[in-house]
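Asks: The structure is given below, and queries will be raised subsequently.
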Amino acid sequence: MELSNTPARYLDKFIEDHLLPDTHFRKQVKVAIDVICSFLKERCFRGAAHPVRVSKVVKGGSTGKGTTLRGRSDADLVVFLSRLGSFQEQFDRRAEFIQEISRQLKACQSERGLQFEIRGTSWWNPRTLSFVLRSPGMDEGVEFDVLPAFDALGQVPKGYRPDLLVHEHYRPDPQIYVKLIQECKNLGKEGEFSTCFTELQRAFLKQRPTKLKSLIRLVKHWYQMCKEKLGKPLPPQYALELLTVYAWERGNQETIFSTAQGFQTVLELVMNYQQLLIYWTKYYDFENPVIGQYLRMQLKKPRPVILDPADPTGNVAAGDSGSWPRLAQEARAWLSYQCFKNWDGSPVGSWYIPLPENSEDGGTCAIL
């Protein structure tokens, strides 16, 4: 059954039947990720012109956050390199490291029957190396994006898990963000270094309730349908993920809720994109004068504004001015569909999103 024709009361079953990855699929993707992580950590830069050490490889994207859709076998791997000592150096040298990773992948094509389909880029300074991994034991290829990054956060503080910055009280040293803001201003590249904060982006979503992550999957599925129908430009998918978290935080906060109401709330927020002013103060806030001044400047920008919770320089709602109106028009049409109606034909309704008293009210800022 198509999503648009699925009655509201069956949306949870739709997610379970069509969107949650099956066990076999998850295992295949995990094996593929392990292969590439081992390659990057153990042999990729062996014999390189300059000694390079991979300090860690972090799974980003939907795979790292636990919001993967069934059948979408893509994985983002952020490679933190010892030879990168600043955001500026990441920008200047990433093409060099991407070229070396590509060269090494091609060199080990025949090992273990692996095949790499590397996707070329015409840009002189690419952010990412994209390729598809295929092997005899896999039903389909797994798409990878590998992104070299400066390890801005450094090592995990003593007492925290070594592989993930998930402690609810963890906050980066404000000077990290001061440095980020200064270097972004110098380069004119706001949001350029979000990969450096992948661990925080992942932690922000990974520990959320299971049902909220299911709602995120549903919104992502809807977004992909819109993308197929409308084409580009559309807002970034990450903006829709954050909008879903925001809708739940401000309108519900329960571990059990009506999926249809949550879905409708997100679509109504999309329709009201011109009023969106959203940020979180989990990892940064207004206390530091440099960060505080910069945040106030960010919040005065034309709406929609949705700041990356891990990167204050990244307004993930920015981009092509026509992208939000196109998505809003589609959201408006969807609200008349079966998936937003109760068994008796009445509308399911949406969550109430309260208005804050001012733009620095609490951890998130609602629609103003």
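Numbering starts fresh at 1 for the residues of each chain in the structure tokens, the chains themselves are lettered A, B, ... in the order given, and ligands are numbered from 1 as they appear.
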Write down as a ChimeraX atom specification the residues of stretch 114-355 of chain A whose backbone DSSP state falls under strand (DSSP E).
Replies: /A:115-119,129-134,142-149,277-278,305-308,311-315
Asks: With a distance cut-off of 9 Å and only C-alpha atoms, select the neighbouring residues of A:Cys196, excluding the residue or stretch itself and same-chain residues fewer than 3 positions from it, and output the selection as a list of chain:residue names.
Replies: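 Residues near the query, excluding close chain neighbours: A:Val78, A:Phe80, A:Phe87, A:Pro148, A:Ala149, A:Phe150, A:Asp151, A:Ala152, A:Leu153, A:Phe193, A:Glu199, A:Asp311.
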Asks: Selection from above, N, CA, C and O atoms, as a CSV table (one decimal), in the first residue's frame, can you write it?
Replies:
```csv
chain,number,residue,atom,x,y,z
A,78,VAL,N,33.5,9.4,8.2
A,78,VAL,CA,34.4,10.5,8.4
A,78,VAL,C,35.7,10.1,8.9
A,78,VAL,O,35.8,9.4,10.0
A,80,PHE,N,39.2,10.9,10.5
A,80,PHE,CA,39.9,12.0,11.2
A,80,PHE,C,41.4,11.7,11.1
A,80,PHE,O,41.9,10.6,11.4
A,87,PHE,N,40.9,23.8,10.9
A,87,PHE,CA,39.9,23.8,9.8
A,87,PHE,C,40.4,24.3,8.5
A,87,PHE,O,40.1,23.7,7.5
A,148,PRO,N,37.5,13.2,4.6
A,148,PRO,CA,38.6,13.5,5.5
A,148,PRO,C,38.3,14.7,6.4
A,148,PRO,O,37.6,15.7,5.9
A,149,ALA,N,38.7,14.7,7.7
A,149,ALA,CA,38.3,15.8,8.6
A,149,ALA,C,39.4,16.0,9.6
A,149,ALA,O,40.2,15.1,10.0
A,150,PHE,N,39.4,17.3,10.1
A,150,PHE,CA,40.3,17.7,11.2
A,150,PHE,C,39.6,17.3,12.5
A,150,PHE,O,38.4,17.5,12.7
A,151,ASP,N,40.4,16.7,13.4
A,151,ASP,CA,39.8,16.2,14.7
A,151,ASP,C,39.7,17.3,15.7
A,151,ASP,O,40.5,17.4,16.6
A,152,ALA,N,38.7,18.2,15.4
A,152,ALA,CA,38.5,19.4,16.3
A,152,ALA,C,38.2,19.0,17.7
A,152,ALA,O,38.6,19.8,18.6
A,153,LEU,N,37.4,18.0,17.9
A,153,LEU,CA,37.0,17.7,19.3
A,153,LEU,C,38.1,17.0,20.1
A,153,LEU,O,38.0,16.9,21.3
A,193,PHE,N,32.5,22.9,7.8
A,193,PHE,CA,33.3,21.9,8.6
A,193,PHE,C,32.4,21.1,9.5
A,193,PHE,O,32.8,20.7,10.6
A,199,GLU,N,30.5,13.2,15.4
A,199,GLU,CA,30.2,12.5,16.6
A,199,GLU,C,29.0,13.1,17.4
A,199,GLU,O,28.2,12.5,18.0
A,311,ASP,N,27.0,22.4,15.2
A,311,ASP,CA,27.8,23.4,14.4
A,311,ASP,C,27.0,24.7,14.3
A,311,ASP,O,26.2,24.8,13.4
```
Asks: Quick one: residues within 9 Å of A:Glu183, only C-alpha atoms, excluding same-chain residues fewer than 5 positions away - as a list in words?
Replies: Ser86, Phe87, Gln88, Val178, Gly188 and Lys189 of chain A
Asks: Contacts of A:Leu212 at 8 Å or less, counting only C-alpha atoms, minus same-chain residues fewer than 6 places along, as a PyMOL selection string?
Replies: chain A and resi 245+248+255
Asks: Go through A:Gln264, A:Gln201, A:Thr244, A:Ser258 and flag the residue nearest A:Gln338, using only C-alpha atoms for the distances.
Replies: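 That would be A:Gln264, the residue with the smallest distance to A:Gln338.
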Asks: Taking 4 positions as the minimum chain separation for residues in the same chain, which residues sit within 9 Å of stretch 233-236 of chain A when counting only C-alpha atoms? Answer as a list in words.
Replies: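 Within the cut-off, the hits are Cys226, Lys227, Leu240, Val316, Ala317, Ala318, Gly319, Asp320, Ser321, Gly322, Ser323, Trp324, Pro325, Arg326 and Leu327 of chain A.
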Asks: Would you output that residue set with N, CA, C and O atoms, as a tab-separated table (two decimals), in the first residue's frame?
Replies:
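The resulting file, out18.tsv, is reproduced below:
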```
chain	number	residue	atom	x	y	z
A	226	CYS	N	9.03	13.02	-2.44
A	226	CYS	CA	8.95	14.39	-2.97
A	226	CYS	C	10.12	14.67	-3.91
A	226	CYS	O	9.95	15.31	-4.95
A	227	LYS	N	11.28	14.17	-3.54
A	227	LYS	CA	12.47	14.37	-4.36
A	227	LYS	C	12.33	13.72	-5.73
A	227	LYS	O	12.70	14.29	-6.76
A	240	LEU	N	15.03	18.30	7.49
A	240	LEU	CA	13.77	17.63	7.82
A	240	LEU	C	13.93	16.73	9.04
A	240	LEU	O	13.01	16.61	9.87
A	316	VAL	N	21.18	24.71	8.33
A	316	VAL	CA	20.85	23.63	7.40
A	316	VAL	C	19.58	23.92	6.61
A	316	VAL	O	19.23	23.17	5.70
A	317	ALA	N	18.88	24.99	6.97
A	317	ALA	CA	17.68	25.38	6.22
A	317	ALA	C	17.99	26.35	5.09
A	317	ALA	O	17.11	26.69	4.31
A	318	ALA	N	19.24	26.82	5.02
A	318	ALA	CA	19.61	27.77	3.98
A	318	ALA	C	19.77	27.06	2.64
A	318	ALA	O	19.76	25.83	2.57
A	319	GLY	N	19.90	27.84	1.59
A	319	GLY	CA	20.07	27.25	0.26
A	319	GLY	C	19.22	27.97	-0.76
A	319	GLY	O	18.92	29.16	-0.62
A	320	ASP	N	18.81	27.24	-1.78
A	320	ASP	CA	18.01	27.82	-2.86
A	320	ASP	C	16.70	28.38	-2.31
A	320	ASP	O	15.96	27.68	-1.61
A	321	SER	N	16.40	29.61	-2.65
A	321	SER	CA	15.20	30.28	-2.10
A	321	SER	C	13.90	29.62	-2.55
A	321	SER	O	12.86	29.79	-1.91
A	322	GLY	N	13.96	28.86	-3.64
A	322	GLY	CA	12.74	28.21	-4.12
A	322	GLY	C	12.50	26.83	-3.57
A	322	GLY	O	11.45	26.22	-3.83
A	323	SER	N	13.45	26.31	-2.76
A	323	SER	CA	13.33	24.92	-2.31
A	323	SER	C	12.22	24.72	-1.29
A	323	SER	O	11.43	23.77	-1.39
A	324	TRP	N	12.12	25.61	-0.30
A	324	TRP	CA	11.10	25.46	0.73
A	324	TRP	C	9.68	25.67	0.20
A	324	TRP	O	8.77	24.91	0.55
A	325	PRO	N	9.43	26.69	-0.65
A	325	PRO	CA	8.08	26.85	-1.20
A	325	PRO	C	7.60	25.61	-1.97
A	325	PRO	O	6.43	25.24	-1.88
A	326	ARG	N	8.49	24.96	-2.69
A	326	ARG	CA	8.11	23.78	-3.47
A	326	ARG	C	7.74	22.63	-2.53
A	326	ARG	O	6.75	21.91	-2.76
A	327	LEU	N	8.53	22.44	-1.47
A	327	LEU	CA	8.24	21.37	-0.52
A	327	LEU	C	6.98	21.69	0.28
A	327	LEU	O	6.17	20.80	0.58
```
Asks: How many Å separate atom CA of A:Glu268 from atom CA of A:Tyr284?
Replies: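 Going from atom CA of A:Glu268 over to atom CA of A:Tyr284, I get 28.1 Å.
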Asks: From the options A:Lys30, A:Arg332, A:Lys220, A:Lys341, which residue's atoms come nearest to A:Leu267, counting only C-alpha atoms?
Replies: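 Nearest to A:Leu267: A:Arg332.
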Asks: Any idea what the distance is between atom CA of A:Gly191 and atom CA of A:Leu230?
Replies: 25.8 Å
Asks: With distances taken over only C-alpha atoms, which residue among A:Leu187, A:Ala95, A:Val132, A:Ala203 lies nearest A:Tyr283?
Replies: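 Among the listed residues, the smallest separation from A:Tyr283 belongs to A:Ala203.
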Asks: Quick one: residues within 12 Å of A:Glu287, only C-alpha atoms counted, chain neighbours fewer than 5 positions away excluded, as a list in words?
Replies: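 Once the adjacent positions are removed, what remains is Pro174, Gln175, Val178, Thr281, Gly292, Gln293, Tyr294, Leu295, Arg296 and Glu360 of chain A.
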Asks: Do you know which residues are at most 12 Å from A:Gly60 counting only C-alpha atoms, after dropping those on the same chain fewer than 3 positions away, and could you put them as a PyMOL selection string?
Replies: chain A and resi 33+57+63-68+74-79+144-147+164+194-206+238
Asks: Save the residues we just selected, N, CA, C and O atoms, as a tab-separated table (two decimals), in the first residue's frame?
Replies:
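Writing done, so here's out_9.tsv:
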```
chain	number	residue	atom	x	y	z
A	33	ILE	N	30.93	-1.92	5.85
A	33	ILE	CA	31.51	-0.81	6.61
A	33	ILE	C	32.78	-1.26	7.32
A	33	ILE	O	33.79	-0.54	7.33
A	57	VAL	N	37.86	6.53	12.65
A	57	VAL	CA	36.88	6.58	11.56
A	57	VAL	C	35.50	6.52	12.22
A	57	VAL	O	35.22	5.61	13.00
A	63	THR	N	23.29	5.79	8.85
A	63	THR	CA	23.85	4.56	9.43
A	63	THR	C	24.34	4.81	10.85
A	63	THR	O	24.08	4.01	11.76
A	64	GLY	N	25.05	5.91	11.05
A	64	GLY	CA	25.55	6.22	12.38
A	64	GLY	C	24.47	6.65	13.35
A	64	GLY	O	24.56	6.38	14.55
A	65	LYS	N	23.41	7.30	12.84
A	65	LYS	CA	22.35	7.81	13.71
A	65	LYS	C	21.27	6.79	14.01
A	65	LYS	O	20.42	7.02	14.87
A	66	GLY	N	21.27	5.67	13.28
A	66	GLY	CA	20.24	4.65	13.51
A	66	GLY	C	18.92	4.99	12.87
A	66	GLY	O	17.86	4.60	13.38
A	67	THR	N	18.95	5.69	11.72
A	67	THR	CA	17.70	6.05	11.03
A	67	THR	C	17.73	5.60	9.57
A	67	THR	O	17.10	6.23	8.72
A	68	THR	N	18.45	4.52	9.28
A	68	THR	CA	18.56	4.02	7.91
A	68	THR	C	17.22	3.53	7.40
A	68	THR	O	16.45	2.90	8.13
A	74	ASP	N	23.56	3.22	1.92
A	74	ASP	CA	24.59	4.24	1.86
A	74	ASP	C	25.20	4.44	3.23
A	74	ASP	O	24.53	4.28	4.25
A	75	ALA	N	26.48	4.77	3.26
A	75	ALA	CA	27.18	4.97	4.53
A	75	ALA	C	28.15	6.14	4.40
A	75	ALA	O	28.89	6.24	3.42
A	76	ASP	N	28.12	7.04	5.37
A	76	ASP	CA	29.08	8.14	5.44
A	76	ASP	C	30.15	7.79	6.46
A	76	ASP	O	29.83	7.44	7.60
A	77	LEU	N	31.41	7.86	6.05
A	77	LEU	CA	32.53	7.59	6.95
A	77	LEU	C	33.41	8.82	7.02
A	77	LEU	O	33.93	9.28	5.99
A	78	VAL	N	33.55	9.38	8.22
A	78	VAL	CA	34.40	10.54	8.41
A	78	VAL	C	35.75	10.05	8.94
A	78	VAL	O	35.81	9.36	9.96
A	79	VAL	N	36.81	10.38	8.20
A	79	VAL	CA	38.16	9.93	8.54
A	79	VAL	C	38.91	11.08	9.18
A	79	VAL	O	39.22	12.08	8.52
A	144	PHE	N	29.30	4.49	-0.51
A	144	PHE	CA	30.08	5.13	0.55
A	144	PHE	C	30.40	6.57	0.17
A	144	PHE	O	30.67	6.87	-0.99
A	145	ASP	N	30.39	7.43	1.18
A	145	ASP	CA	30.98	8.76	1.08
A	145	ASP	C	32.04	8.83	2.17
A	145	ASP	O	31.72	8.68	3.37
A	146	VAL	N	33.29	9.02	1.78
A	146	VAL	CA	34.39	9.12	2.73
A	146	VAL	C	34.85	10.57	2.77
A	146	VAL	O	35.15	11.17	1.73
A	147	LEU	N	34.91	11.13	3.99
A	147	LEU	CA	35.21	12.56	4.15
A	147	LEU	C	36.39	12.75	5.10
A	147	LEU	O	36.27	12.43	6.30
A	164	LEU	N	32.20	7.18	21.25
A	164	LEU	CA	31.02	8.02	20.97
A	164	LEU	C	30.83	9.07	22.07
A	164	LEU	O	30.89	8.76	23.26
A	194	SER	N	31.15	20.92	9.12
A	194	SER	CA	30.21	20.15	9.96
A	194	SER	C	30.70	18.72	10.18
A	194	SER	O	30.38	18.10	11.21
A	195	THR	N	31.47	18.18	9.22
A	195	THR	CA	31.97	16.81	9.38
A	195	THR	C	32.85	16.66	10.61
A	195	THR	O	32.93	15.57	11.18
A	196	CYS	N	33.50	17.73	11.04
A	196	CYS	CA	34.35	17.67	12.23
A	196	CYS	C	33.55	17.37	13.49
A	196	CYS	O	34.12	16.95	14.51
A	197	PHE	N	32.24	17.59	13.42
A	197	PHE	CA	31.37	17.41	14.58
A	197	PHE	C	30.39	16.25	14.39
A	197	PHE	O	29.32	16.22	14.99
A	198	THR	N	30.79	15.31	13.54
A	198	THR	CA	29.94	14.16	13.23
A	198	THR	C	29.53	13.39	14.48
A	198	THR	O	28.39	12.94	14.61
A	199	GLU	N	30.47	13.24	15.41
A	199	GLU	CA	30.16	12.48	16.64
A	199	GLU	C	29.04	13.14	17.43
A	199	GLU	O	28.19	12.46	18.02
A	200	LEU	N	29.03	14.47	17.47
A	200	LEU	CA	27.97	15.19	18.18
A	200	LEU	C	26.65	15.10	17.44
A	200	LEU	O	25.58	14.92	18.05
A	201	GLN	N	26.69	15.22	16.11
A	201	GLN	CA	25.47	15.08	15.31
A	201	GLN	C	24.86	13.70	15.52
A	201	GLN	O	23.64	13.55	15.65
A	202	ARG	N	25.72	12.69	15.55
A	202	ARG	CA	25.26	11.32	15.73
A	202	ARG	C	24.67	11.11	17.12
A	202	ARG	O	23.59	10.52	17.27
A	203	ALA	N	25.36	11.62	18.14
A	203	ALA	CA	24.87	11.47	19.50
A	203	ALA	C	23.54	12.19	19.70
A	203	ALA	O	22.68	11.72	20.45
A	204	PHE	N	23.37	13.32	19.04
A	204	PHE	CA	22.15	14.11	19.17
A	204	PHE	C	20.92	13.31	18.76
A	204	PHE	O	19.84	13.46	19.34
A	205	LEU	N	21.06	12.44	17.77
A	205	LEU	CA	19.93	11.65	17.28
A	205	LEU	C	19.92	10.21	17.77
A	205	LEU	O	18.86	9.63	17.99
A	206	LYS	N	21.09	9.63	17.95
A	206	LYS	CA	21.17	8.18	18.20
A	206	LYS	C	20.46	7.75	19.48
A	206	LYS	O	19.87	6.67	19.54
A	238	TYR	N	18.67	16.60	6.00
A	238	TYR	CA	19.05	16.80	7.40
A	238	TYR	C	18.17	17.84	8.07
A	238	TYR	O	17.83	17.73	9.25
```
Asks: Mind pulling up the distance from atom CA of A:Met271 to atom CA of A:Leu299?
Replies: 19.9 Å
Asks: Which residue out of A:Leu242, A:Ile291, A:Val35, A:Val52 has the minimum interatomic distance to A:Tyr279 when only C-alpha atoms are used?
Replies: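 Using only C-alpha atoms, the shortest distance to A:Tyr279 belongs to A:Leu242.
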